[in-house]
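Text of start10.cif, listed as mmCIF, C-alpha atoms and all ligand atoms:
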data_coords
loop_
_atom_site.group_PDB
_atom_site.id
_atom_site.type_symbol
_atom_site.label_atom_id
_atom_site.label_comp_id
_atom_site.auth_asym_id
_atom_site.auth_seq_id
_atom_site.Cartn_x
_atom_site.Cartn_y
_atom_site.Cartn_z
ATOM 1 C CA MET A 1 12.402 -14.174 2.773
ATOM 2 C CA LYS A 2 8.843 -14.997 1.749
ATOM 3 C CA HIS A 3 8.217 -15.021 -2.011
ATOM 4 C CA LEU A 4 4.768 -14.436 -3.314
ATOM 5 C CA GLN A 5 3.059 -16.356 -6.016
ATOM 6 C CA GLN A 6 2.388 -13.846 -8.800
ATOM 7 C CA ASN A 7 -1.223 -13.714 -10.012
ATOM 8 C CA SER A 8 -2.020 -14.584 -13.597
ATOM 9 C CA SER A 9 -1.693 -11.483 -15.753
ATOM 10 C CA ASN A 10 -3.794 -9.982 -18.512
ATOM 11 C CA LEU A 11 -1.095 -8.178 -20.455
ATOM 12 C CA ASP A 12 -3.082 -7.770 -23.695
ATOM 13 C CA GLU A 13 -5.091 -5.055 -21.993
ATOM 14 C CA LEU A 14 -2.097 -2.862 -21.111
ATOM 15 C CA SER A 15 -1.777 0.332 -23.168
ATOM 16 C CA ALA A 16 0.989 0.485 -25.794
ATOM 17 C CA LYS A 17 3.101 2.740 -23.526
ATOM 18 C CA GLU A 18 2.590 0.459 -20.539
ATOM 19 C CA ARG A 19 3.597 -2.566 -22.610
ATOM 20 C CA VAL A 20 6.926 -0.959 -23.541
ATOM 21 C CA ILE A 21 7.836 -0.316 -19.882
ATOM 22 C CA TYR A 22 6.511 -3.698 -18.770
ATOM 23 C CA SER A 23 8.600 -5.476 -21.409
ATOM 24 C CA ARG A 24 11.764 -4.123 -19.751
ATOM 25 C CA LEU A 25 10.832 -5.376 -16.276
ATOM 26 C CA ASP A 26 12.251 -8.536 -14.737
ATOM 27 C CA LYS A 27 9.088 -10.644 -14.455
ATOM 28 C CA GLU A 28 10.686 -12.834 -11.798
ATOM 29 C CA ARG A 29 11.208 -9.876 -9.470
ATOM 30 C CA LEU A 30 7.918 -8.002 -9.534
ATOM 31 C CA PRO A 31 6.945 -6.749 -6.076
ATOM 32 C CA GLY A 32 4.230 -8.876 -4.467
ATOM 33 C CA HIS A 33 2.610 -6.019 -2.567
ATOM 34 C CA ILE A 34 2.577 -2.314 -3.456
ATOM 35 C CA ALA A 35 1.147 0.261 -1.043
ATOM 36 C CA ILE A 36 0.382 3.801 -2.201
ATOM 37 C CA ILE A 37 -0.058 7.080 -0.324
ATOM 38 C CA MET A 38 -2.277 8.957 -2.772
ATOM 39 C CA ASP A 39 -1.548 12.628 -2.236
ATOM 40 C CA GLY A 40 -2.040 15.872 -4.130
ATOM 41 C CA ASN A 41 -5.702 15.959 -5.166
ATOM 42 C CA GLY A 42 -6.138 19.377 -3.539
ATOM 43 C CA ARG A 43 -3.008 20.856 -5.141
ATOM 44 C CA TRP A 44 -4.008 19.469 -8.523
ATOM 45 C CA ALA A 45 -7.304 21.355 -8.234
ATOM 46 C CA ASN A 46 -5.721 24.536 -6.782
ATOM 47 C CA ARG A 47 -3.293 24.784 -9.680
ATOM 48 C CA ARG A 48 -6.254 24.837 -12.036
ATOM 49 C CA HIS A 49 -8.242 27.264 -9.850
ATOM 50 C CA LEU A 50 -10.814 24.535 -9.310
ATOM 51 C CA PRO A 51 -12.494 23.527 -6.051
ATOM 52 C CA ARG A 52 -10.787 20.689 -4.130
ATOM 53 C CA PHE A 53 -13.609 18.241 -4.786
ATOM 54 C CA VAL A 54 -12.763 18.283 -8.491
ATOM 55 C CA GLY A 55 -9.286 17.031 -7.545
ATOM 56 C CA HIS A 56 -10.783 14.202 -5.502
ATOM 57 C CA ARG A 57 -13.021 13.232 -8.439
ATOM 58 C CA ARG A 58 -9.982 13.073 -10.707
ATOM 59 C CA GLY A 59 -8.240 11.118 -7.982
ATOM 60 C CA VAL A 60 -10.908 8.438 -8.231
ATOM 61 C CA GLN A 61 -10.278 8.125 -11.981
ATOM 62 C CA THR A 62 -6.613 7.577 -11.177
ATOM 63 C CA VAL A 63 -7.545 4.868 -8.668
ATOM 64 C CA ARG A 64 -9.470 3.087 -11.414
ATOM 65 C CA GLY A 65 -6.566 3.225 -13.890
ATOM 66 C CA VAL A 66 -3.884 2.174 -11.392
ATOM 67 C CA VAL A 67 -5.983 -0.716 -10.050
ATOM 68 C CA GLU A 68 -6.514 -2.007 -13.586
ATOM 69 C CA THR A 69 -2.846 -1.762 -14.566
ATOM 70 C CA ALA A 70 -1.801 -3.493 -11.341
ATOM 71 C CA ALA A 71 -4.325 -6.298 -11.897
ATOM 72 C CA ARG A 72 -3.277 -6.685 -15.536
ATOM 73 C CA ILE A 73 0.376 -7.267 -14.692
ATOM 74 C CA GLY A 74 -0.600 -9.865 -12.091
ATOM 75 C CA LEU A 75 0.272 -7.939 -8.913
ATOM 76 C CA SER A 76 -0.886 -9.912 -5.868
ATOM 77 C CA TYR A 77 -1.640 -7.077 -3.396
ATOM 78 C CA LEU A 78 -2.330 -3.365 -3.831
ATOM 79 C CA THR A 79 -3.119 -1.208 -0.788
ATOM 80 C CA LEU A 80 -4.342 2.383 -1.180
ATOM 81 C CA TYR A 81 -4.416 5.003 1.583
ATOM 82 C CA ALA A 82 -7.813 6.481 0.773
ATOM 83 C CA PHE A 83 -8.812 8.110 4.034
ATOM 84 C CA SER A 84 -6.693 8.569 7.130
ATOM 85 C CA ALA A 85 -8.054 8.774 10.675
ATOM 86 C CA GLU A 86 -6.601 12.303 10.746
ATOM 87 C CA ASN A 87 -8.475 13.322 7.549
ATOM 88 C CA TRP A 88 -11.652 12.577 9.426
ATOM 89 C CA LYS A 89 -10.815 14.992 12.264
ATOM 90 C CA ARG A 90 -8.900 17.743 10.496
ATOM 91 C CA ARG A 91 -10.777 18.423 7.255
ATOM 92 C CA PRO A 92 -13.874 20.564 6.886
ATOM 93 C CA LYS A 93 -17.077 18.592 7.415
ATOM 94 C CA ALA A 94 -18.229 19.304 3.861
ATOM 95 C CA GLU A 95 -15.036 17.805 2.392
ATOM 96 C CA VAL A 96 -15.305 14.702 4.597
ATOM 97 C CA GLU A 97 -18.933 14.252 3.546
ATOM 98 C CA PHE A 98 -17.944 14.653 -0.075
ATOM 99 C CA LEU A 99 -15.205 12.012 0.275
ATOM 100 C CA MET A 100 -17.713 9.613 1.871
ATOM 101 C CA GLN A 101 -20.151 10.179 -0.964
ATOM 102 C CA LEU A 102 -17.352 9.669 -3.491
ATOM 103 C CA LEU A 103 -16.427 6.404 -1.809
ATOM 104 C CA ARG A 104 -20.005 5.132 -1.937
ATOM 105 C CA GLN A 105 -20.223 6.085 -5.591
ATOM 106 C CA TYR A 106 -16.848 4.496 -6.358
ATOM 107 C CA LEU A 107 -17.917 1.218 -4.771
ATOM 108 C CA ARG A 108 -21.206 1.086 -6.644
ATOM 109 C CA GLN A 109 -19.575 1.834 -9.995
ATOM 110 C CA GLU A 110 -16.420 -0.195 -9.586
ATOM 111 C CA VAL A 111 -17.674 -3.575 -8.409
ATOM 112 C CA PRO A 112 -18.472 -4.783 -11.971
ATOM 113 C CA ARG A 113 -15.002 -3.652 -13.165
ATOM 114 C CA LEU A 114 -13.315 -5.255 -10.156
ATOM 115 C CA ASN A 115 -15.127 -8.494 -10.959
ATOM 116 C CA ARG A 116 -14.096 -8.273 -14.618
ATOM 117 C CA ASN A 117 -10.480 -7.863 -13.472
ATOM 118 C CA ASN A 118 -10.819 -10.679 -10.878
ATOM 119 C CA VAL A 119 -9.962 -8.234 -8.052
ATOM 120 C CA ARG A 120 -11.005 -8.942 -4.453
ATOM 121 C CA LEU A 121 -11.767 -5.881 -2.367
ATOM 122 C CA THR A 122 -10.977 -5.588 1.320
ATOM 123 C CA TYR A 123 -10.425 -2.795 3.891
ATOM 124 C CA ILE A 124 -8.235 -1.822 6.803
ATOM 125 C CA GLY A 125 -9.011 0.856 9.371
ATOM 126 C CA ARG A 126 -11.695 1.568 11.954
ATOM 127 C CA ILE A 127 -14.528 0.830 9.566
ATOM 128 C CA ARG A 128 -17.106 0.711 12.368
ATOM 129 C CA GLU A 129 -16.652 4.466 12.927
ATOM 130 C CA LEU A 130 -17.694 5.307 9.344
ATOM 131 C CA PRO A 131 -21.298 6.352 8.570
ATOM 132 C CA GLU A 132 -23.751 3.443 8.509
ATOM 133 C CA SER A 133 -24.579 3.924 4.816
ATOM 134 C CA VAL A 134 -20.885 3.721 3.906
ATOM 135 C CA GLN A 135 -20.385 0.606 6.040
ATOM 136 C CA GLU A 136 -23.295 -1.095 4.282
ATOM 137 C CA ARG A 137 -21.881 -0.289 0.846
ATOM 138 C CA LEU A 138 -18.430 -1.476 1.931
ATOM 139 C CA LYS A 139 -19.866 -4.784 3.108
ATOM 140 C CA TRP A 140 -21.793 -5.195 -0.119
ATOM 141 C CA ALA A 141 -18.706 -4.504 -2.273
ATOM 142 C CA GLU A 142 -16.536 -6.857 -0.225
ATOM 143 C CA GLU A 143 -19.080 -9.653 -0.489
ATOM 144 C CA SER A 144 -19.637 -9.018 -4.209
ATOM 145 C CA THR A 145 -15.926 -9.503 -4.954
ATOM 146 C CA ALA A 146 -15.184 -12.178 -2.324
ATOM 147 C CA ASP A 147 -14.920 -15.032 -4.840
ATOM 148 C CA ASN A 148 -12.347 -13.304 -7.033
ATOM 149 C CA THR A 149 -9.002 -15.049 -7.012
ATOM 150 C CA GLY A 150 -6.719 -12.388 -8.503
ATOM 151 C CA MET A 151 -5.283 -9.223 -6.958
ATOM 152 C CA VAL A 152 -6.349 -8.218 -3.449
ATOM 153 C CA LEU A 153 -7.156 -4.489 -3.395
ATOM 154 C CA THR A 154 -7.147 -3.105 0.139
ATOM 155 C CA LEU A 155 -8.531 0.364 0.841
ATOM 156 C CA ALA A 156 -7.233 1.989 4.017
ATOM 157 C CA LEU A 157 -10.239 3.907 5.360
ATOM 158 C CA ASN A 158 -10.327 5.851 8.611
ATOM 159 C CA TYR A 159 -6.900 4.268 8.989
ATOM 160 C CA GLY A 160 -3.991 5.204 11.233
ATOM 161 C CA ALA A 161 -0.997 2.947 11.818
ATOM 162 C CA ARG A 162 -0.585 3.854 15.490
ATOM 163 C CA THR A 163 -4.259 3.128 16.107
ATOM 164 C CA GLU A 164 -3.777 -0.173 14.294
ATOM 165 C CA ILE A 165 -0.936 -1.105 16.641
ATOM 166 C CA VAL A 166 -3.029 -0.083 19.681
ATOM 167 C CA ASP A 167 -5.919 -2.212 18.379
ATOM 168 C CA ALA A 168 -3.518 -5.136 17.819
ATOM 169 C CA LEU A 169 -2.320 -4.816 21.410
ATOM 170 C CA ARG A 170 -5.910 -4.889 22.673
ATOM 171 C CA SER A 171 -6.654 -7.914 20.529
ATOM 172 C CA ILE A 172 -3.567 -9.753 21.877
ATOM 173 C CA ILE A 173 -4.649 -8.999 25.449
ATOM 174 C CA ASP A 174 -8.174 -10.305 24.717
ATOM 175 C CA THR A 175 -6.739 -13.456 23.143
ATOM 176 C CA ALA A 176 -4.553 -14.031 26.192
ATOM 177 C CA ARG A 177 -7.486 -13.500 28.570
ATOM 178 C CA ASN A 178 -9.653 -15.979 26.660
ATOM 179 C CA ASN A 179 -6.917 -18.590 26.486
ATOM 180 C CA GLY A 180 -5.651 -18.866 30.017
ATOM 181 C CA GLY A 181 -3.268 -15.921 30.207
ATOM 182 C CA PHE A 182 -0.019 -14.741 28.702
ATOM 183 C CA GLU A 183 2.035 -17.829 29.649
ATOM 184 C CA HIS A 184 0.391 -19.657 26.737
ATOM 185 C CA LEU A 185 1.279 -16.958 24.224
ATOM 186 C CA ASP A 186 4.547 -16.638 22.277
ATOM 187 C CA ILE A 187 5.027 -12.895 22.091
ATOM 188 C CA ASP A 188 7.005 -12.312 18.915
ATOM 189 C CA GLU A 189 6.816 -10.341 15.658
ATOM 190 C CA ASP A 190 4.594 -12.925 13.955
ATOM 191 C CA LEU A 191 2.068 -12.627 16.779
ATOM 192 C CA VAL A 192 1.902 -8.829 16.442
ATOM 193 C CA SER A 193 1.613 -9.083 12.621
ATOM 194 C CA SER A 194 -1.223 -11.587 12.925
ATOM 195 C CA HIS A 195 -3.264 -9.150 15.062
ATOM 196 C CA LEU A 196 -2.996 -6.200 12.646
ATOM 197 C CA TYR A 197 -6.070 -5.283 10.581
ATOM 198 C CA GLY A 198 -5.287 -6.985 7.264
ATOM 199 C CA ARG A 199 -4.235 -10.490 6.350
ATOM 200 C CA MET A 200 -1.633 -9.549 3.785
ATOM 201 C CA PRO A 201 2.131 -9.797 3.419
ATOM 202 C CA ASP A 202 4.210 -6.705 4.170
ATOM 203 C CA PRO A 203 4.539 -4.257 1.261
ATOM 204 C CA ASP A 204 7.686 -4.554 -0.865
ATOM 205 C CA LEU A 205 7.238 -1.107 -2.360
ATOM 206 C CA LEU A 206 5.690 2.045 -0.879
ATOM 207 C CA ILE A 207 4.833 4.790 -3.380
ATOM 208 C CA ARG A 208 3.952 8.347 -2.397
ATOM 209 C CA THR A 209 2.764 10.954 -4.881
ATOM 210 C CA SER A 210 3.117 14.753 -4.756
ATOM 211 C CA GLY A 211 6.683 14.804 -3.476
ATOM 212 C CA GLU A 212 6.217 14.879 0.301
ATOM 213 C CA LEU A 213 8.917 12.970 2.197
ATOM 214 C CA ARG A 214 6.658 11.515 4.893
ATOM 215 C CA VAL A 215 4.990 8.195 5.677
ATOM 216 C CA SER A 216 2.004 9.882 7.355
ATOM 217 C CA ASN A 217 1.101 7.153 9.845
ATOM 218 C CA PHE A 218 0.629 4.564 7.068
ATOM 219 C CA LEU A 219 1.441 0.877 7.694
ATOM 220 C CA LEU A 220 4.258 1.768 10.091
ATOM 221 C CA TRP A 221 4.815 -1.807 11.256
ATOM 222 C CA GLN A 222 4.472 -3.372 7.800
ATOM 223 C CA ILE A 223 6.822 -1.047 5.866
ATOM 224 C CA ALA A 224 9.857 -1.896 8.019
ATOM 225 C CA TYR A 225 11.751 -3.215 4.959
ATOM 226 C CA ALA A 226 9.740 -1.690 2.104
ATOM 227 C CA GLU A 227 11.507 0.239 -0.632
ATOM 228 C CA ILE A 228 10.181 3.792 -0.832
ATOM 229 C CA TYR A 229 9.487 5.565 -4.113
ATOM 230 C CA ILE A 230 8.470 9.224 -4.093
ATOM 231 C CA THR A 231 7.273 10.996 -7.211
ATOM 232 C CA ASP A 232 6.511 14.703 -7.625
ATOM 233 C CA LYS A 233 3.476 13.842 -9.725
ATOM 234 C CA LEU A 234 0.196 14.737 -8.055
ATOM 235 C CA TRP A 235 -2.163 11.794 -7.603
ATOM 236 C CA PRO A 236 -4.648 12.839 -10.330
ATOM 237 C CA ASP A 237 -1.723 12.915 -12.818
ATOM 238 C CA PHE A 238 -0.360 9.508 -11.809
ATOM 239 C CA GLU A 239 -0.896 6.825 -14.459
ATOM 240 C CA GLY A 240 -0.361 3.139 -15.063
ATOM 241 C CA THR A 241 2.946 4.020 -16.753
ATOM 242 C CA ASP A 242 4.074 5.741 -13.512
ATOM 243 C CA LEU A 243 3.261 2.602 -11.555
ATOM 244 C CA LEU A 244 5.432 0.605 -13.951
ATOM 245 C CA HIS A 245 8.254 3.191 -13.686
ATOM 246 C CA ALA A 246 8.101 2.821 -9.903
ATOM 247 C CA ILE A 247 8.412 -0.960 -10.274
ATOM 248 C CA ALA A 248 11.407 -0.491 -12.619
ATOM 249 C CA ASP A 249 13.038 1.752 -10.010
ATOM 250 C CA TYR A 250 12.322 -0.841 -7.305
ATOM 251 C CA GLN A 251 14.019 -3.499 -9.417
ATOM 252 C CA GLY A 252 17.149 -1.361 -9.513
ATOM 253 C CA ARG A 253 17.424 -1.462 -5.702
ATOM 254 C CA GLU A 254 19.297 -4.095 -3.758
ATOM 255 C CA ARG A 255 17.149 -5.191 -0.819
ATOM 256 C CA ARG A 256 19.265 -5.901 2.218
ATOM 257 C CA TYR A 257 16.905 -6.524 5.145
ATOM 258 C CA GLY A 258 19.616 -5.259 7.493
ATOM 259 C CA GLY A 259 22.318 -7.457 5.896
ATOM 260 C CA LEU A 260 25.063 -6.609 3.413
ATOM 261 C CA THR A 261 24.720 -6.214 -0.345
ATOM 262 C CA SER A 262 25.663 -9.404 -2.188
ATOM 263 C CA SER A 263 28.853 -7.775 -3.574
ATOM 264 C CA SER A 264 30.036 -6.390 -0.222
ATOM 265 C CA ASN A 265 29.125 -9.733 1.378
ATOM 266 C CA GLU A 266 31.559 -11.557 -0.950
ATOM 267 C CA GLN A 267 34.223 -8.933 -0.261
ATOM 268 C CA HIS A 268 33.520 -9.231 3.468
ATOM 269 C CA GLU A 269 33.844 -13.022 3.492
ATOM 270 C CA SER A 270 37.036 -13.108 1.435
ATOM 271 C CA SER A 271 38.699 -10.419 3.571
ATOM 272 C CA LEU A 272 37.758 -12.215 6.795
ATOM 273 C CA GLY A 273 38.982 -15.509 5.294
ATOM 274 C CA ASN A 274 42.420 -13.999 4.620
ATOM 275 C CA ALA A 275 42.818 -12.515 8.076
ATOM 276 C CA SER A 276 45.099 -14.682 10.168
ATOM 277 C CA ASP A 277 44.169 -13.393 13.638
ATOM 278 C CA ASP A 278 41.401 -11.471 15.396
ATOM 279 C CA GLY A 279 43.132 -8.103 14.971
ATOM 280 C CA GLU A 280 43.405 -8.497 11.210
ATOM 281 C CA ALA A 281 39.799 -9.714 11.051
ATOM 282 C CA ALA A 282 38.639 -6.605 12.903
ATOM 283 C CA ILE A 283 40.586 -4.322 10.553
ATOM 284 C CA ALA A 284 39.188 -6.158 7.516
ATOM 285 C CA PHE A 285 35.674 -5.854 8.967
ATOM 286 C CA LEU A 286 36.047 -2.111 9.511
ATOM 287 C CA ALA A 287 37.384 -1.665 5.971
ATOM 288 C CA VAL A 288 34.308 -3.368 4.516
ATOM 289 C CA ARG A 289 31.901 -1.408 6.741
ATOM 290 C CA LYS A 290 33.374 1.959 5.741
HETATM 291 C C1 LIG B 301 -4.935 13.478 -0.825
HETATM 292 O O1 LIG B 301 -5.258 14.611 -1.489
HETATM 293 C C2 LIG B 301 -5.858 12.428 -0.987
HETATM 294 C C3 LIG B 301 -6.856 12.044 -0.153
HETATM 295 C C4 LIG B 301 -7.558 12.849 0.868
HETATM 296 C C5 LIG B 301 -7.307 10.702 -0.184
HETATM 297 C C6 LIG B 301 -7.351 10.099 -1.535
HETATM 298 C C7 LIG B 301 -8.717 10.053 -1.999
HETATM 299 C C8 LIG B 301 -9.056 9.780 -3.246
HETATM 300 C C9 LIG B 301 -8.114 9.449 -4.322
HETATM 301 C C10 LIG B 301 -10.466 9.798 -3.580
HETATM 302 C C11 LIG B 301 -11.263 8.749 -2.884
HETATM 303 C C12 LIG B 301 -10.744 7.376 -3.068
HETATM 304 C C13 LIG B 301 -11.512 6.314 -3.286
HETATM 305 C C14 LIG B 301 -10.926 4.971 -3.353
HETATM 306 C C15 LIG B 301 -12.940 6.458 -3.511
HETATM 307 P P1 LIG B 301 -5.175 15.933 -0.640
HETATM 308 O O2 LIG B 301 -6.540 16.494 -0.585
HETATM 309 O O3 LIG B 301 -4.516 15.671 0.668
HETATM 310 O O4 LIG B 301 -4.226 16.783 -1.559
HETATM 311 P P2 LIG B 301 -3.361 18.043 -1.102
HETATM 312 O O5 LIG B 301 -2.309 17.529 -0.152
HETATM 313 O O6 LIG B 301 -2.786 18.515 -2.395
HETATM 314 O O7 LIG B 301 -4.305 19.017 -0.468
#
For the structure just supplied, provide its representation as structure tokens.
Amino acid sequence: MKHLQQNSSNLDELSAKERVIYSRLDKERLPGHIAIIMDGNGRWANRRHLPRFVGHRRGVQTVRGVVETAARIGLSYLTLYAFSAENWKRRPKAEVEFLMQLLRQYLRQEVPRLNRNNVRLTYIGRIRELPESVQERLKWAEESTADNTGMVLTLALNYGARTEIVDALRSIIDTARNNGGFEHLDIDEDLVSSHLYGRMPDPDLLIRTSGELRVSNFLLWQIAYAEIYITDKLWPDFEGTDLLHAIADYQGRERRYGGLTSSSNEQHESSLGNASDDGEAAIAFLAVRK
């Protein structure tokens, strides 16, 4: 299984509370890539009898805090689901316009902070369908942070995982056409992965806020073996300490990638070793699988 080089960290800048949680983490087993479904801005505002846009504004403050904590602990990749392809079609026009304006504002304000934290910004999604002014700002922000060598922050914008897979399929077909047909192409998982939008490793940990038990068309191919962490906290209430709690929870999991846990593997091998014929081996196998 691929192991990621951890980025250099800037732990002095963690808050006192964050430092306590971080000190208990196994630094050798930090996830390399965390993806987050940021959910609950609207509910956060509703509970306070405030308009939804206030929730989105608070949501941006949370983005800032979480990005900084992630960069400070040396995380390599952070991917945030900022705007789904469905948001675009199903939300009132005024809310979509507000989110676009918020994004433009975020990019303008954040680039200096991203540079200070050595964060490189990139995007996944059908960016070309976004308003021209947003595309220009996105390009500017990407270019302004392109030389940073620390964490890669990917914003999923006008993103849908099924659309991504359709686009990958189209791109594979184009590649085949331009290179003498399909006979010259090895069609395997690596090929599909290499035609997806981003150039990043699969997420190790998927976090979703606001308690919904859904993956909402986010990184469907890439999260095949991700650990999933759901918190009831609404996105505007999520803090750096919550990110670190999620990492602690992740470290308590045993990742199996379709195999056995290391303890049941030992048990499995010793029971098969003792079995003297196929019948006994089958019984031992079933006992372990129970
Ligand atoms: C869900 O809240 C969140 C979103 C629509 C996207 C997240 C957007 C932000 C955090 C702000 C913009 C981000 C950047 C990077 C500028 P919701 O409205 O679905 O909440 P609800 O389910 O409670 O209604």
Using only C-alpha atoms and all ligand atoms, what does the table of chain A residues within 7 Å of ligand LIG 301 (chain B) look like, with each row giving the shortest atom pair and its distance in Å to one decimal, sorted by chain and ascending number, as CSV?
residue,atom,partner,partner_atom,distance
A:Met38,CA,B:LIG301,C2,5.3
A:Asp39,CA,B:LIG301,C1,3.8
A:Gly40,CA,B:LIG301,O6,3.2
A:Asn41,CA,B:LIG301,O1,3.9
A:Gly42,CA,B:LIG301,O7,3.6
A:Arg43,CA,B:LIG301,O6,3.6
A:Trp44,CA,B:LIG301,O6,6.3
A:Arg52,CA,B:LIG301,O2,6.9
A:His56,CA,B:LIG301,C10,4.8
A:Arg57,CA,B:LIG301,C10,6.5
A:Gly59,CA,B:LIG301,C9,4.0
A:Val60,CA,B:LIG301,C10,4.9
A:Val63,CA,B:LIG301,C14,6.3
A:Tyr81,CA,B:LIG301,C5,6.6
A:Ala82,CA,B:LIG301,C6,4.3
A:Phe83,CA,B:LIG301,C5,5.2
A:Asn87,CA,B:LIG301,C4,6.8
A:Leu99,CA,B:LIG301,C11,6.0
A:Leu102,CA,B:LIG301,C15,5.5
A:Leu103,CA,B:LIG301,C15,3.9
A:Tyr106,CA,B:LIG301,C15,5.2
A:Leu155,CA,B:LIG301,C14,6.7
Contact check, region 188-222 of chain A to region 232-254 of chain A, at most 12 Å, counting all atoms listed in the file, closest pairs as CSV:
residue,atom,partner,partner_atom,distance
A:Asp204,CA,A:Tyr250,CA,8.8
A:Leu205,CA,A:Tyr250,CA,7.1
A:Leu206,CA,A:Ala246,CA,9.4
A:Ile207,CA,A:Ala246,CA,7.6
A:Arg208,CA,A:Asp232,CA,8.6
A:Thr209,CA,A:Leu234,CA,5.6
A:Ser210,CA,A:Leu234,CA,4.4
A:Gly211,CA,A:Asp232,CA,4.2
A:Glu212,CA,A:Asp232,CA,7.9
A:Leu213,CA,A:Asp232,CA,10.3
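One distance worth recording is that between CA of Asn148 (chain A) and CA of Asn115 (chain A), which is 6.8 Å.
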Given the point (-0.4, -3.2, -4.8) in the file's coordinates, find the residues that have an atom at most 6 Å from it, counting all atoms listed in the file, and give them as a ChimeraX atom specification. /A:33-35,77-79
| request: Give me the residues within 12 Å of region 10-16 of chain A as a ChimeraX atom specification, counting all atoms listed in the file and dropping any in the same chain fewer than 5 places off. | output: /A:21-23,65-75,116-118,150-151,239-241,244
>> Using only C-alpha atoms, can you tell me which of A:Ile228, A:Val192, A:Val119, A:Ile173 comes closest to Glu143 (chain A)?
In response: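 Checking each of A:Ile228, A:Val192, A:Val119, A:Ile173 against Glu143 (chain A), counting only C-alpha atoms, the winner is A:Val119.
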Practice prompt. Could you check how far CA of Thr163 (chain A) sits from CA of Asn179 (chain A), in Å to one decimal?
Written response: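 So the answer is 24.2 Å.
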Practice task
Quick one: everything within 9 Å of Leu107 (chain A), counting only C-alpha atoms, minus sequence neighbours fewer than 5 positions away in the same chain. Send it as a list in words.
Solution key: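 Close residues of Leu107 (chain A): Leu102, Arg137, Leu138, Trp140 and Ala141 of chain A.
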Keeping C-alpha atoms, export the residues of the selection given above as a PDB file, keeping the file's coordinate frame.
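That gives us result-v5.pdb:
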ATOM      1  CA  LEU A 102     -17.352   9.669  -3.491  1.00  0.00           C
ATOM      2  CA  ARG A 137     -21.881  -0.289   0.846  1.00  0.00           C
ATOM      3  CA  LEU A 138     -18.430  -1.476   1.931  1.00  0.00           C
ATOM      4  CA  TRP A 140     -21.793  -5.195  -0.119  1.00  0.00           C
ATOM      5  CA  ALA A 141     -18.706  -4.504  -2.273  1.00  0.00           C
TER       6      ALA A 141
END
The PyMOL selection byres (((chain A and resi 162) around 12) and not hetatm) on the file shown: which residues, as number ranges by chain? A: 84-86, 125-126, 159-161, 163-169, 196-197, 216-222
Can you list, as a PyMOL selection string, every protein, DNA or RNA residue that comes within 12 Å of Lys139 (chain A) when you count all atoms listed in the file, leaving out same-chain residues fewer than 5 positions away?
chain A and resi 104+107-108+111+121-123+127-128+132-134+144-146
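Nearest residue to Leu153 (chain A), choosing from A:Arg48, A:Lys93, A:Arg199, A:Arg170 and counting only C-alpha atoms: A:Arg199.
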Exercise. Quick one: distance from CA of Glu28 (chain A) to CA of Gln61 (chain A) in Å, one decimal?
Worked result: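 According to the coordinates, CA of Glu28 (chain A) and CA of Gln61 (chain A) are separated by 29.6 Å.
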Ranking A:Val96, A:Ile36, A:Ile230, A:Leu191 by minimum distance to Ser171 (chain A) and counting only C-alpha atoms, which one comes first?
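Among the listed residues, the smallest separation from Ser171 (chain A) belongs to A:Leu191.
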